[in-house]
Each structure stands twice: as C-alpha cells, then as structure tokens.
file start.cif (mmCIF, C-alpha atoms)
data_model
#
loop_
_atom_site.label_atom_id
_atom_site.label_comp_id
_atom_site.auth_asym_id
_atom_site.auth_seq_id
_atom_site.Cartn_x
_atom_site.Cartn_y
_atom_site.Cartn_z
CA MET A 1 -25.25 25.56 -50.63
CA ASP A 2 -22.95 26.52 -47.76
CA LYS A 3 -23.04 30.14 -46.66
CA ARG A 4 -20.08 32.13 -48.00
CA ILE A 5 -18.02 33.43 -45.09
CA LEU A 6 -15.07 35.77 -45.53
CA SER A 7 -11.72 34.32 -44.50
CA PRO A 8 -9.40 36.23 -42.10
CA GLU A 9 -7.31 37.38 -45.12
CA GLU A 10 -10.43 38.61 -46.90
CA LEU A 11 -11.58 40.41 -43.74
CA ASP A 12 -8.17 42.03 -43.62
CA ARG A 13 -8.68 43.32 -47.18
CA LEU A 14 -12.16 44.45 -46.23
CA HIS A 15 -10.77 46.50 -43.33
CA ARG A 16 -8.21 48.06 -45.66
CA PHE A 17 -10.99 48.89 -48.13
CA ILE A 18 -13.06 50.62 -45.41
CA ILE A 19 -10.09 52.63 -44.15
CA SER A 20 -9.16 53.61 -47.73
CA ARG A 21 -12.51 55.50 -47.93
CA SER A 22 -11.58 57.79 -45.01
CA ALA A 23 -8.76 57.84 -42.48
CA ARG A 24 -11.42 58.56 -39.84
CA PHE A 25 -12.79 55.01 -40.30
CA SER A 26 -9.54 53.62 -38.88
CA GLN A 27 -10.84 54.66 -35.46
CA PRO A 28 -11.59 51.31 -33.74
CA PRO A 29 -15.23 52.02 -32.79
CA LEU A 30 -16.09 53.22 -36.30
CA LEU A 31 -14.29 50.33 -37.98
CA LEU A 32 -16.17 47.85 -35.81
CA GLU A 33 -19.47 49.59 -36.49
CA ILE A 34 -19.05 49.42 -40.28
CA THR A 35 -17.28 46.07 -40.70
CA ASP A 36 -20.02 43.56 -39.89
CA HIS A 37 -22.72 45.20 -42.01
CA PHE A 38 -20.36 45.66 -44.94
CA ALA A 39 -19.00 42.12 -44.61
CA CYS A 40 -22.55 40.65 -44.58
CA LYS A 41 -23.32 42.53 -47.78
CA VAL A 42 -20.10 41.43 -49.48
CA GLU A 43 -20.69 37.80 -48.44
CA GLU A 44 -24.18 37.92 -49.89
CA LEU A 45 -22.90 39.25 -53.23
CA LEU A 46 -20.18 36.58 -53.36
CA GLN A 47 -22.75 33.91 -52.56
CA GLN A 48 -25.07 35.10 -55.33
CA ASP A 49 -22.32 35.21 -57.95
CA SER A 50 -19.43 32.82 -57.42
CA LYS A 51 -17.50 34.38 -60.33
CA LEU A 52 -17.40 37.76 -58.62
CA ASP A 53 -14.03 38.55 -57.01
CA LEU A 54 -13.67 40.20 -53.62
CA GLU A 55 -12.60 43.60 -55.00
CA ALA A 56 -15.64 43.80 -57.30
CA ALA A 57 -17.97 42.62 -54.52
CA MET A 58 -16.60 45.28 -52.15
CA ALA A 59 -17.00 48.01 -54.77
CA GLN A 60 -20.56 46.87 -55.52
CA ALA A 61 -21.47 46.63 -51.81
CA HIS A 62 -19.99 50.08 -51.19
CA ARG A 63 -22.05 51.56 -54.05
CA SER A 64 -25.21 50.16 -52.45
CA PHE A 65 -24.54 52.34 -49.38
CA GLY A 66 -25.35 55.38 -51.54
CA VAL A 67 -23.32 58.38 -52.66
CA LYS A 68 -22.11 59.19 -49.17
CA GLY A 69 -20.81 55.65 -48.64
CA PHE A 70 -20.09 54.79 -45.00
CA ALA A 71 -20.30 58.42 -43.86
CA PRO A 72 -23.96 58.35 -42.63
CA LEU A 73 -23.21 55.24 -40.54
CA ALA A 74 -20.16 56.87 -39.03
CA GLU A 75 -22.02 60.12 -38.40
CA ALA A 76 -24.93 58.35 -36.69
CA PHE A 77 -22.50 56.36 -34.55
CA GLU A 78 -20.51 59.43 -33.49
CA LYS A 79 -23.71 61.24 -32.58
CA SER A 80 -24.87 58.31 -30.47
CA VAL A 81 -21.53 58.12 -28.64
CA TYR A 82 -21.75 61.84 -27.90
CA HIS A 83 -25.29 61.46 -26.50
CA ARG A 84 -24.27 58.40 -24.50
CA TYR A 85 -21.48 60.34 -22.73
CA LYS A 86 -23.68 63.40 -22.28
CA THR A 87 -26.35 61.24 -20.61
CA TRP A 88 -23.69 59.57 -18.44
CA TYR A 89 -22.25 62.93 -17.45
CA ARG A 90 -25.67 64.31 -16.44
CA ARG A 91 -26.40 61.18 -14.41
CA GLU A 92 -23.04 61.52 -12.66
CA GLN A 93 -23.82 65.16 -11.88
CA LYS A 94 -27.08 64.11 -10.21
CA GLN A 95 -25.35 61.31 -8.31
CA PHE A 96 -22.66 63.72 -7.20
CA LEU A 97 -25.31 65.84 -5.49
CA LEU A 98 -26.40 62.81 -3.47
CA SER A 99 -22.91 61.54 -2.67
CA LEU A 100 -20.45 62.29 0.13
CA HIS A 101 -18.55 64.51 -2.29
CA LEU A 102 -21.17 67.21 -1.81
CA PRO A 103 -20.42 68.00 1.87
CA GLY A 104 -16.74 67.95 0.92
CA MET A 105 -17.27 70.53 -1.80
CA ILE A 106 -19.43 72.69 0.49
CA LEU A 107 -16.65 72.57 3.05
CA LEU A 108 -14.11 73.54 0.38
CA GLY A 109 -16.34 76.46 -0.64
CA ALA A 110 -16.81 77.58 2.97
CA LEU A 111 -13.08 77.38 3.56
CA ALA A 112 -12.35 79.43 0.43
CA GLY A 113 -14.92 82.06 1.50
CA LYS A 114 -13.51 82.23 5.02
CA LEU A 115 -9.95 82.49 3.71
CA PHE A 116 -11.06 85.25 1.35
CA LEU A 117 -12.42 87.31 4.26
CA ALA A 118 -9.25 86.74 6.30
CA MET A 119 -7.04 87.84 3.39
CA ALA A 120 -9.27 90.80 2.56
CA HIS A 121 -9.10 91.95 6.20
CA ARG A 122 -5.28 91.84 6.12
CA HIS A 123 -5.12 93.28 2.57
CA LEU A 124 -3.23 90.19 1.40
CA LEU A 125 -3.42 88.26 -1.87
CA GLN A 126 -5.03 91.17 -3.75
CA ASN A 127 -7.57 91.59 -0.96
CA GLY A 128 -8.45 87.89 -1.11
CA MET A 129 -9.13 87.72 -4.86
CA GLY A 130 -5.86 85.80 -5.23
CA ILE A 131 -7.68 82.76 -3.84
CA LEU A 132 -10.14 82.62 -6.73
CA CYS A 133 -7.33 83.44 -9.18
CA SER A 134 -5.33 80.46 -7.85
CA ALA A 135 -8.38 78.17 -8.00
CA GLU A 136 -9.01 79.30 -11.59
CA LEU A 137 -5.39 78.73 -12.52
CA LEU A 138 -5.30 75.25 -10.98
CA TYR A 139 -8.61 74.30 -12.60
CA GLY A 140 -7.56 75.71 -15.98
CA VAL A 141 -4.25 73.83 -15.98
CA ALA A 142 -5.91 70.54 -14.91
CA ILE A 143 -8.60 70.87 -17.61
CA LEU A 144 -5.97 71.78 -20.20
CA ILE A 145 -3.87 68.69 -19.36
CA LEU A 146 -6.91 66.39 -19.49
CA ARG A 147 -8.08 67.91 -22.78
CA GLN A 148 -4.62 67.67 -24.35
CA ARG A 149 -4.57 63.96 -23.50
CA ALA A 150 -8.04 63.67 -25.05
CA LYS A 151 -6.75 64.93 -28.40
CA THR A 152 -4.67 61.81 -28.92
CA GLY A 153 -6.95 59.37 -27.10
CA GLY A 154 -9.20 58.41 -29.99
CA LEU A 155 -12.83 58.84 -30.94
CA LEU A 156 -14.49 57.90 -27.64
CA ILE A 157 -12.37 60.30 -25.61
CA GLU A 158 -12.93 62.98 -28.24
CA LYS A 159 -16.72 62.57 -27.93
CA ALA A 160 -16.59 62.48 -24.11
CA HIS A 161 -14.62 65.69 -24.28
CA GLU A 162 -17.32 67.28 -26.50
CA ALA A 163 -20.05 66.08 -24.13
CA SER A 164 -18.47 67.89 -21.19
CA VAL A 165 -18.14 71.34 -22.69
CA SER A 166 -19.71 72.86 -19.52
CA THR A 167 -16.33 72.45 -17.79
CA ILE A 168 -15.08 75.45 -19.78
CA PHE A 169 -18.22 77.44 -18.93
CA TRP A 170 -17.34 77.47 -15.20
CA LEU A 171 -13.86 78.75 -16.00
CA TRP A 172 -15.45 81.76 -17.72
CA VAL A 173 -17.87 82.30 -14.82
CA GLY A 174 -14.89 82.43 -12.44
CA LEU A 175 -13.11 84.95 -14.68
CA ALA A 176 -16.27 87.09 -14.83
CA VAL A 177 -16.40 87.13 -11.01
CA ILE A 178 -12.74 88.20 -10.84
CA LEU A 179 -13.39 91.01 -13.32
CA ALA A 180 -16.55 92.16 -11.52
CA ALA A 181 -14.96 91.98 -8.05
CA GLY A 182 -14.37 95.75 -7.86
CA PHE A 183 -18.13 96.40 -8.03
CA LEU A 184 -19.04 93.97 -5.23
CA SER A 185 -18.96 94.17 -1.44
CA PRO A 186 -16.33 92.00 0.36
CA GLN A 187 -19.13 89.73 1.68
CA ALA A 188 -20.51 89.17 -1.82
CA GLN A 189 -16.98 88.51 -3.08
CA ALA A 190 -16.43 85.98 -0.28
CA TRP A 191 -19.69 84.18 -1.16
CA LEU A 192 -18.85 84.07 -4.85
CA THR A 193 -15.28 82.94 -4.18
CA GLY A 194 -16.59 80.08 -2.04
CA MET A 195 -19.29 79.10 -4.54
CA ILE A 196 -17.06 79.19 -7.60
CA THR A 197 -14.24 77.31 -5.85
CA ALA A 198 -16.70 74.56 -4.83
CA LEU A 199 -18.17 74.42 -8.36
CA LEU A 200 -14.71 74.23 -9.96
CA GLY A 201 -13.76 71.40 -7.61
CA ALA A 202 -16.97 69.48 -8.36
CA ASN A 203 -16.57 69.96 -12.11
CA LEU A 204 -12.98 68.83 -12.02
CA VAL A 205 -13.91 65.61 -10.23
CA LEU A 206 -16.77 64.94 -12.69
CA PHE A 207 -14.65 65.73 -15.74
CA ALA A 208 -11.82 63.47 -14.56
CA ARG A 209 -14.36 60.65 -14.01
CA LEU A 210 -15.78 61.08 -17.51
CA MET A 211 -12.32 61.01 -19.06
CA LYS A 212 -11.50 57.89 -17.06
CA LYS A 213 -14.67 56.18 -18.30
CA ALA A 214 -13.89 57.09 -21.92
CA ALA A 215 -10.31 55.83 -21.48
CA THR A 216 -11.61 52.51 -20.04
CA ASP A 217 -14.07 52.14 -22.96
CA THR A 218 -11.23 52.83 -25.41
CA ALA A 219 -8.97 50.25 -23.74
CA GLU A 220 -11.75 47.62 -23.92
CA LEU A 221 -12.24 48.35 -27.60
CA LYS A 222 -8.52 48.08 -28.28
CA GLN A 223 -8.55 44.68 -26.61
CA GLN A 224 -11.36 43.59 -28.92
CA MET A 225 -9.43 44.92 -31.91
CA ASN A 226 -6.34 43.00 -30.78
CA ALA A 227 -8.43 39.84 -30.71
CA LEU A 228 -9.47 40.59 -34.30
CA ASN A 229 -5.92 41.33 -35.45
CA VAL A 230 -6.78 44.70 -36.92
CA THR A 231 -4.52 46.84 -34.72
CA PRO A 232 -1.92 47.53 -37.42
CA TYR A 233 -4.33 50.04 -39.04
CA ILE A 234 -5.10 51.96 -35.90
CA HIS A 235 -3.48 55.37 -35.64
CA MET B 1 -39.34 54.37 -54.30
CA GLU B 2 -42.45 56.13 -52.90
CA THR B 3 -43.16 53.13 -50.65
CA ASP B 4 -39.60 53.37 -49.32
CA ARG B 5 -40.20 56.99 -48.40
CA ILE B 6 -43.46 56.21 -46.57
CA ILE B 7 -41.86 53.30 -44.70
CA LYS B 8 -38.90 55.52 -43.79
CA GLY B 9 -41.31 57.85 -41.99
CA SER B 10 -42.39 54.95 -39.78
CA LEU B 11 -39.00 53.27 -39.50
CA SER B 12 -38.83 53.52 -35.70
CA ALA B 13 -42.12 51.64 -35.36
CA VAL B 14 -41.00 49.07 -37.96
CA VAL B 15 -37.67 48.43 -36.19
CA LEU B 16 -39.33 48.19 -32.77
CA GLN B 17 -41.91 45.74 -34.08
CA LEU B 18 -39.28 43.60 -35.84
CA LEU B 19 -37.30 43.40 -32.59
CA GLN B 20 -40.46 42.61 -30.67
CA LEU B 21 -41.17 39.69 -32.98
CA ASN B 22 -37.64 38.37 -33.48
CA GLY B 23 -35.93 39.03 -30.15
CA ARG B 24 -32.46 40.33 -30.94
CA MET B 25 -31.31 41.34 -34.44
CA TYR B 26 -28.22 42.91 -36.02
CA GLY B 27 -28.22 45.79 -38.49
CA TYR B 28 -27.89 43.81 -41.70
CA GLU B 29 -30.53 41.34 -40.53
CA ILE B 30 -33.01 44.20 -40.08
CA THR B 31 -32.41 45.50 -43.63
CA ARG B 32 -32.97 41.93 -44.94
CA ALA B 33 -36.11 41.53 -42.83
CA VAL B 34 -37.62 44.71 -44.28
CA GLN B 35 -36.73 43.61 -47.82
CA ASP B 36 -37.90 40.01 -47.42
CA GLY B 37 -40.97 40.94 -45.37
CA SER B 38 -42.16 43.27 -48.14
CA LYS B 39 -41.33 40.64 -50.79
CA GLY B 40 -38.63 42.89 -52.19
CA LYS B 41 -40.91 45.92 -52.62
CA THR B 42 -39.28 47.96 -49.86
CA ARG B 43 -35.67 48.57 -49.04
CA VAL B 44 -34.27 50.38 -46.04
CA THR B 45 -30.92 52.04 -46.54
CA GLU B 46 -28.10 51.98 -44.01
CA ALA B 47 -28.21 55.78 -43.99
CA ALA B 48 -31.76 55.57 -42.64
CA LEU B 49 -31.46 52.48 -40.46
CA TYR B 50 -28.42 53.27 -38.32
CA PRO B 51 -29.50 56.77 -37.23
CA THR B 52 -32.85 55.22 -36.25
CA LEU B 53 -31.19 52.43 -34.26
CA HIS B 54 -28.92 54.88 -32.48
CA LYS B 55 -31.83 57.23 -31.80
CA LEU B 56 -33.80 54.37 -30.21
CA GLU B 57 -30.73 53.32 -28.23
CA THR B 58 -30.14 56.87 -26.98
CA ALA B 59 -33.82 57.10 -26.02
CA GLY B 60 -33.21 54.08 -23.78
CA LEU B 61 -35.51 51.73 -25.73
CA LEU B 62 -32.84 49.29 -26.96
CA ASP B 63 -30.04 47.33 -25.35
CA THR B 64 -27.05 46.08 -27.30
CA GLU B 65 -24.91 42.95 -27.09
CA THR B 66 -21.67 42.43 -28.98
CA GLU B 67 -20.53 38.96 -30.04
CA MET B 68 -17.78 37.53 -32.14
CA VAL B 69 -19.37 35.96 -35.25
CA ASP B 70 -17.47 34.69 -38.31
CA GLY B 71 -14.25 36.37 -37.21
CA ARG B 72 -15.73 39.81 -36.64
CA LEU B 73 -17.70 41.61 -33.97
CA ARG B 74 -21.44 41.75 -34.44
CA LYS B 75 -23.68 44.14 -32.54
CA TYR B 76 -27.13 42.83 -31.69
CA TYR B 77 -30.00 45.12 -30.77
CA LYS B 78 -32.87 44.05 -28.53
CA LEU B 79 -35.81 45.71 -26.83
CA ASN B 80 -35.66 46.41 -23.12
CA ARG B 81 -38.75 46.79 -20.93
CA LYS B 82 -39.25 50.43 -21.89
CA GLY B 83 -38.76 49.49 -25.56
CA LYS B 84 -41.40 46.78 -25.36
CA LYS B 85 -43.95 49.29 -24.05
CA GLU B 86 -42.97 51.82 -26.71
CA SER B 87 -43.20 49.16 -29.42
CA ALA B 88 -46.83 48.40 -28.49
CA LEU B 89 -47.67 52.12 -28.45
CA GLN B 90 -46.01 52.81 -31.80
CA LEU B 91 -47.65 49.78 -33.44
CA GLU B 92 -51.04 50.97 -32.25
CA ALA B 93 -50.34 54.49 -33.55
CA LEU B 94 -49.21 53.07 -36.88
CA GLN B 95 -52.32 50.93 -37.23
CA ASP B 96 -54.52 53.94 -36.37
CA ALA B 97 -52.70 56.00 -39.00
CA ILE B 98 -53.19 53.29 -41.65
CA SER B 99 -56.88 52.97 -40.82
CA SER B 100 -57.34 56.78 -40.94
CA LEU B 101 -55.50 56.92 -44.24
CA GLN B 102 -57.73 54.22 -45.70
CA LYS B 103 -60.82 56.18 -44.63
CA ILE B 104 -59.44 59.43 -46.08
CA LEU B 105 -58.64 57.78 -49.40
CA LYS B 106 -62.23 56.51 -49.70
CA TYR B 107 -63.88 59.75 -48.64
CA ARG B 108 -66.19 61.56 -51.05
CA LEU B 109 -67.93 64.87 -50.40
CA LYS B 110 -71.71 64.40 -50.09
CA HIS B 111 -72.47 67.50 -52.18
CA GLY B 112 -69.27 67.60 -54.14
#

call {"tool": "encode", "arguments": {"input": "start.cif", "output": "structure tokens"}}
result
Amino acid sequence: MDKRILSPEELDRLHRFIISRSARFSQPPLLLEITDHFACKVEELLQQDSKLDLEAAMAQAHRSFGVKGFAPLAEAFEKSVYHRYKTWYRREQKQFLLSLHLPGMILLGALAGKLFLAMAHRHLLQNGMGILCSAELLYGVAILILRQRAKTGGLLIEKAHEASVSTIFWLWVGLAVILAAGFLSPQAQAWLTGMITALLGANLVLFARLMKKAATDTAELKQQMNALNVTPYIH
Amino acid sequence: METDRIIKGSLSAVVLQLLQLNGRMYGYEITRAVQDGSKGKTRVTEAALYPTLHKLETAGLLDTETEMVDGRLRKYYKLNRKGKKESALQLEALQDAISSLQKILKYRLKHG
C-alpha cells in the first residue's frame, strides 16, 4: 500500500490546527518545528484507518502529545534557541578580544579618560562627568532602539534579546560610577570613565551584531515559509 | 509504563546510539525506532524526546540539516565527531549500569 502523504490543502489545514492551539505557534520557527512531527503522526493514523477523516486524525494525533499538547515541544525549542544565541554571543565576546576592535576600544577608553581630565581641570562638563553621562545616554538610546525593534521582530530576535541581557548590566554599572563619582579622586574617575566608555562601546558593537544575526536567521526562515506558502498565518 | 520511565532516564544514550547506528534521523523517526525496536513495549513521548534532542544539540553533540520532504520542512539530526565519542562513552556507561543492576538483583546476603 502506498504511503499516505498529506496534500498541500491538508497541510494548510494542519497548520491552521496547530495555530488554533496557541497564537504563539504561528511564529515561523515554532510552526516549522511542530509541523513535520505532527504531520507524520497524522499520516500514520490516516494510513492505518482509511475511514478516518483529517479532523479526527488531527484531534487523535494531538491527544497523543499528552495533556500539554505541543507546549513541551515549543518550550524545548525556545530554550534551545536561547542557548544557541547565548553560546554565539559568548563566542563573539571572546573573538572580540582577539580582533582589531580591541585596540580601537582601548583607544576610545584612553581618549575618554584624557578628555575627562582635561574637562575636570577646566571645571567643564560637570568636572568631566558629563563625558560618561553622554556615553551612557548614547548607549541607552541605542540599546533602547535595538530592543524596541526586537519586540516586533519575532521569536528568534526575542530570544537573542534575552540572551544578551548583560548589555543592560553595563548601563547600570555606568550609572553607579556616576553616582559614586563624588567619593572618588579625579584620577580614579578618569580611569573609570575610560573603562566604562570602552566597555559600553564594545557591548554596543556585540549587541548590534547579535541582533543582525537574529534578523538574518529570521529572514531566512521567512523565505522558507514563503516557499511553503504558510505566510498568511504569520503575525 | 515503568519501562518507559526507566528508558526515559537513559534517553540521551538511546538517542545517541540510534543516531550512531542509523546516521541521520528526524524526530518522528526516532520515536518510531524506540517503539519498533522494543517491539511496542516502550514509547518515547515528544515531551521527553525534543528536550533531549535540543539538549544534545546545545551540548554540541548533534548537527542538524533541514530538507524539504513531502511539502514540508524536515529537520534531521546527526552525530558530529564529539557526538560519536560521547555516544561510545554513554553506551559503555549504560552497559555497565545494566550489568551492575543485574548483579544487584541477584545478590543475596550470605548470613541473611
């Protein structure tokens, strides 16, 4: 007997069935992750009982996934995407330290420190602290823009965004330095200004790269979804 | 049911060994292999299989390939070099555990 294979119309109904279980499953990576396994199960049921209609086969196949349905699959997938981006981000951090970006960032830090001392000497820009304040402001705005874009970018960008939570940490470190500035000598302030400025610059470059990677992955997935004609469901 | 639970505890080793023997496999194929290989006595659920596959992938033991099959995308999992080494280690550990278990189950106290 020939193997029962779902037709494009039946696959379309299968996609609609999956998405009807949770709007989250309309995310392209999740839909792709669930579809093949579910379709294989449905095909097997239809093969075993030729009288069974597609709706009944889908309901039966869905029951066999257990009480939580597709949720454990989706959860495991999301966790793996998160870990994949986290691993990528850490690897990029290490590579950054070996790249030509490092001398650039050191130079930026040295420049910020030097500028701080010059401003502090002339009692300008809040005795130099304005430099770190400006760096913090620029960094904060850039991160905010990138994160806002991430909110509407889909699951992969959302996970990449979660995997790079340390970008916010450096913003807080900078703020702590600004608040503690009154208790530190001008030399210590100059050092910290230089260090934090360099770290903010490095983090911004790394974060932008991660977001770019997630955006590229999302675009590739959308292309695959276009080839499968399932784009109408994607939010 | 009890067998399922015991197998679930060694699912990583089972998946690695299945991939070692069969080259590349997709998720549904693995669930079928466990069921058919145990002559229907054991069943691995999707809720157990996929977290295991992703865990092995994250640990850098598996590579994936995606292909269009029957009008949909299918993700194949296969062992990489690190995975092949780990598979041999886990199989050995599993066999040791089975042999120890067999000895324990036959053990009687001399002065019991």

call {"tool": "resolve_selection", "arguments": {"input": "start.cif", "expression": "the PyMOL selection byres ((chain A) within 7 of (chain B))", "output": "list of chain:residue names"}}
result
A:Ile5, A:Pro8, A:Leu32, A:Asp36, A:His37, A:Cys40, A:Phe65, A:Pro72, A:Leu73, A:Ala76, A:Phe77, A:Ser80, A:His83, A:Arg84, A:Leu228

call {"tool": "resolve_selection", "arguments": {"input": "start.cif", "expression": "the PyMOL selection byres ((chain A and resi 142) around 12)", "output": "PDB file with C-alpha atoms, in the frame of the given file"}}
result
ATOM      1  CA  ALA A 135      -8.380  78.170  -8.000  1.00  0.00           C
ATOM      2  CA  GLU A 136      -9.010  79.300 -11.590  1.00  0.00           C
ATOM      3  CA  LEU A 137      -5.390  78.730 -12.520  1.00  0.00           C
ATOM      4  CA  LEU A 138      -5.300  75.250 -10.980  1.00  0.00           C
ATOM      5  CA  TYR A 139      -8.610  74.300 -12.600  1.00  0.00           C
ATOM      6  CA  GLY A 140      -7.560  75.710 -15.980  1.00  0.00           C
ATOM      7  CA  VAL A 141      -4.250  73.830 -15.980  1.00  0.00           C
ATOM      8  CA  ILE A 143      -8.600  70.870 -17.610  1.00  0.00           C
ATOM      9  CA  LEU A 144      -5.970  71.780 -20.200  1.00  0.00           C
ATOM     10  CA  ILE A 145      -3.870  68.690 -19.360  1.00  0.00           C
ATOM     11  CA  LEU A 146      -6.910  66.390 -19.490  1.00  0.00           C
ATOM     12  CA  ARG A 147      -8.080  67.910 -22.780  1.00  0.00           C
ATOM     13  CA  GLN A 148      -4.620  67.670 -24.350  1.00  0.00           C
ATOM     14  CA  ARG A 149      -4.570  63.960 -23.500  1.00  0.00           C
ATOM     15  CA  THR A 167     -16.330  72.450 -17.790  1.00  0.00           C
ATOM     16  CA  ILE A 168     -15.080  75.450 -19.780  1.00  0.00           C
ATOM     17  CA  LEU A 171     -13.860  78.750 -16.000  1.00  0.00           C
ATOM     18  CA  LEU A 200     -14.710  74.230  -9.960  1.00  0.00           C
ATOM     19  CA  GLY A 201     -13.760  71.400  -7.610  1.00  0.00           C
ATOM     20  CA  ASN A 203     -16.570  69.960 -12.110  1.00  0.00           C
ATOM     21  CA  LEU A 204     -12.980  68.830 -12.020  1.00  0.00           C
ATOM     22  CA  VAL A 205     -13.910  65.610 -10.230  1.00  0.00           C
ATOM     23  CA  PHE A 207     -14.650  65.730 -15.740  1.00  0.00           C
ATOM     24  CA  ALA A 208     -11.820  63.470 -14.560  1.00  0.00           C
TER      25      ALA A 208
END

call {"tool": "resolve_selection", "arguments": {"input": "start.cif", "expression": "the PyMOL selection byres ((chain A and resi 58-64) around 12)", "output": "ChimeraX atom specification"}}
result
/A:6,10-11,13-18,20-21,34-35,37-46,52-57,65-71 /B:43-47

call {"tool": "closest_residue", "arguments": {"input": "start.cif", "among": "A:Leu199, A:Met129, A:Ile19, A:Ala215", "to": "Leu115 in chain A", "atoms": "only C-alpha atoms"}}
result
A:Met129

call {"tool": "atom_distance", "arguments": {"input": "start.cif", "atom1": "CA of Ala97 in chain B", "atom2": "CA of Ile7 in chain B"}}
result
12.5 Å

call {"tool": "closest_residue", "arguments": {"input": "start.cif", "among": "B:Leu16, B:Tyr77, B:Leu105, B:Asp4", "to": "Thr42 in chain B", "atoms": "all atoms listed in the file"}}
result
B:Asp4

call {"tool": "atom_distance", "arguments": {"input": "start.cif", "atom1": "CA of Trp170 in chain A", "atom2": "CA of Thr193 in chain A"}}
result
12.5 Å

call {"tool": "atom_distance", "arguments": {"input": "start.cif", "atom1": "CA of Gln17 in chain B", "atom2": "CA of Thr66 in chain B"}}
result
21.1 Å

call {"tool": "closest_residue", "arguments": {"input": "start.cif", "among": "B:Leu19, B:Ile98, B:Leu109, B:Met25", "to": "Ile6 in chain B", "atoms": "only C-alpha atoms"}}
result
B:Ile98

call {"tool": "closest_residue", "arguments": {"input": "start.cif", "among": "B:Leu18, B:Tyr107, B:Glu2, B:Asp36", "to": "Gly83 in chain B", "atoms": "all atoms listed in the file"}}
result
B:Leu18

call {"tool": "closest_residue", "arguments": {"input": "start.cif", "among": "B:Arg5, B:Val14, B:Gln35, B:Thr64", "to": "Gln95 in chain B", "atoms": "only C-alpha atoms"}}
result
B:Val14

call {"tool": "residues_around", "arguments": {"input": "start.cif", "residues": "Ala214 in chain A", "least_positions_apart": "4", "cutoff": "9 Å", "atoms": "only C-alpha atoms", "output": "list in words"}}
result
Tyr85, Gly153, Leu156, Ile157, Glu158, Lys159, Ala160, His161, Arg209, Leu210, Thr218 and Ala219 of chain A

call {"tool": "write_last_selection", "arguments": {"input": "start.cif", "atoms": "C-alpha atoms", "output": "PDB file, in the frame of the given file"}}
result
ATOM      1  CA  TYR A  85     -21.480  60.340 -22.730  1.00  0.00           C
ATOM      2  CA  GLY A 153      -6.950  59.370 -27.100  1.00  0.00           C
ATOM      3  CA  LEU A 156     -14.490  57.900 -27.640  1.00  0.00           C
ATOM      4  CA  ILE A 157     -12.370  60.300 -25.610  1.00  0.00           C
ATOM      5  CA  GLU A 158     -12.930  62.980 -28.240  1.00  0.00           C
ATOM      6  CA  LYS A 159     -16.720  62.570 -27.930  1.00  0.00           C
ATOM      7  CA  ALA A 160     -16.590  62.480 -24.110  1.00  0.00           C
ATOM      8  CA  HIS A 161     -14.620  65.690 -24.280  1.00  0.00           C
ATOM      9  CA  ARG A 209     -14.360  60.650 -14.010  1.00  0.00           C
ATOM     10  CA  LEU A 210     -15.780  61.080 -17.510  1.00  0.00           C
ATOM     11  CA  THR A 218     -11.230  52.830 -25.410  1.00  0.00           C
ATOM     12  CA  ALA A 219      -8.970  50.250 -23.740  1.00  0.00           C
TER      13      ALA A 219
END

call {"tool": "closest_residue", "arguments": {"input": "start.cif", "among": "A:Ser99, A:Gly109, A:Met119, A:Leu155", "to": "Trp191 in chain A", "atoms": "only C-alpha atoms"}}
result
A:Gly109

call {"tool": "residues_around", "arguments": {"input": "start.cif", "residues": "Leu221 in chain A", "least_positions_apart": "3", "cutoff": "8 Å", "atoms": "all atoms listed in the file", "output": "VMD selection string"}}
result
chain A and resid 28 to 29 217 to 218 224 to 225

call {"tool": "residues_around", "arguments": {"input": "start.cif", "residues": "range 86-90 of chain A", "least_positions_apart": "4", "cutoff": "7 Å", "atoms": "all atoms listed in the file", "output": "list of chain:residue names"}}
result
A:Tyr82, A:Lys94, A:Ala163, A:Ser164, A:Leu210

call {"tool": "write_last_selection", "arguments": {"input": "start.cif", "atoms": "C-alpha atoms", "output": "compact mmCIF listing (two decimals), in the coordinates of the input"}}
result
# COMPACT_ATOMS: atom_id res chain seq x y z
CA TYR A 82 -21.75 61.84 -27.90
CA LYS A 94 -27.08 64.11 -10.21
CA ALA A 163 -20.05 66.08 -24.13
CA SER A 164 -18.47 67.89 -21.19
CA LEU A 210 -15.78 61.08 -17.51

call {"tool": "residues_around", "arguments": {"input": "start.cif", "residues": "Ala181 in chain A", "least_positions_apart": "3", "cutoff": "12 Å", "atoms": "only C-alpha atoms", "output": "PyMOL selection string"}}
result
chain A and resi 126-130+132-133+174-178+184-193

call {"tool": "residues_around", "arguments": {"input": "start.cif", "residues": "Lys82 in chain B", "least_positions_apart": "4", "cutoff": "9 Å", "atoms": "only C-alpha atoms", "output": "PyMOL selection string"}}
result
chain B and resi 60-62+86-87

call {"tool": "axis_aligned_box", "arguments": {"input": "start.cif", "around": "range 95-111 of chain A", "padding_each_side": "3 Å", "output": "lines of an AutoDock Vina configuration file"}}
result
center_x = -19.7
center_y = 69.4
center_z = -2.4
size_x = 19.3
size_y = 22.3
size_z = 17.9

call {"tool": "build_atoms", "arguments": {"input": "start.cif", "residues": "range 19-29 of chain B", "atoms": "N, CA and C atoms", "output": "CSV table (one decimal), in the frame of the given file"}}
result
chain,number,residue,atom,x,y,z
B,19,LEU,N,-38.0,43.9,-33.8
B,19,LEU,CA,-37.3,43.4,-32.6
B,19,LEU,C,-38.2,42.7,-31.6
B,20,GLN,N,-39.5,43.2,-31.6
B,20,GLN,CA,-40.5,42.6,-30.7
B,20,GLN,C,-40.7,41.2,-31.1
B,21,LEU,N,-40.8,41.0,-32.4
B,21,LEU,CA,-41.2,39.7,-33.0
B,21,LEU,C,-40.0,38.7,-33.0
B,22,ASN,N,-38.8,39.3,-33.3
B,22,ASN,CA,-37.6,38.4,-33.5
B,22,ASN,C,-36.6,38.3,-32.3
B,23,GLY,N,-36.9,39.0,-31.2
B,23,GLY,CA,-35.9,39.0,-30.2
B,23,GLY,C,-34.8,40.0,-30.5
B,24,ARG,N,-33.6,39.4,-30.6
B,24,ARG,CA,-32.5,40.3,-30.9
B,24,ARG,C,-32.1,40.2,-32.4
B,25,MET,N,-31.7,41.3,-33.0
B,25,MET,CA,-31.3,41.3,-34.4
B,25,MET,C,-30.1,42.2,-34.6
B,26,TYR,N,-29.3,42.0,-35.7
B,26,TYR,CA,-28.2,42.9,-36.0
B,26,TYR,C,-28.6,43.8,-37.2
B,27,GLY,N,-27.8,44.8,-37.5
B,27,GLY,CA,-28.2,45.8,-38.5
B,27,GLY,C,-28.6,45.2,-39.8
B,28,TYR,N,-27.7,44.4,-40.4
B,28,TYR,CA,-27.9,43.8,-41.7
B,28,TYR,C,-29.1,42.9,-41.7
B,29,GLU,N,-29.4,42.2,-40.6
B,29,GLU,CA,-30.5,41.3,-40.5
B,29,GLU,C,-31.8,42.2,-40.6
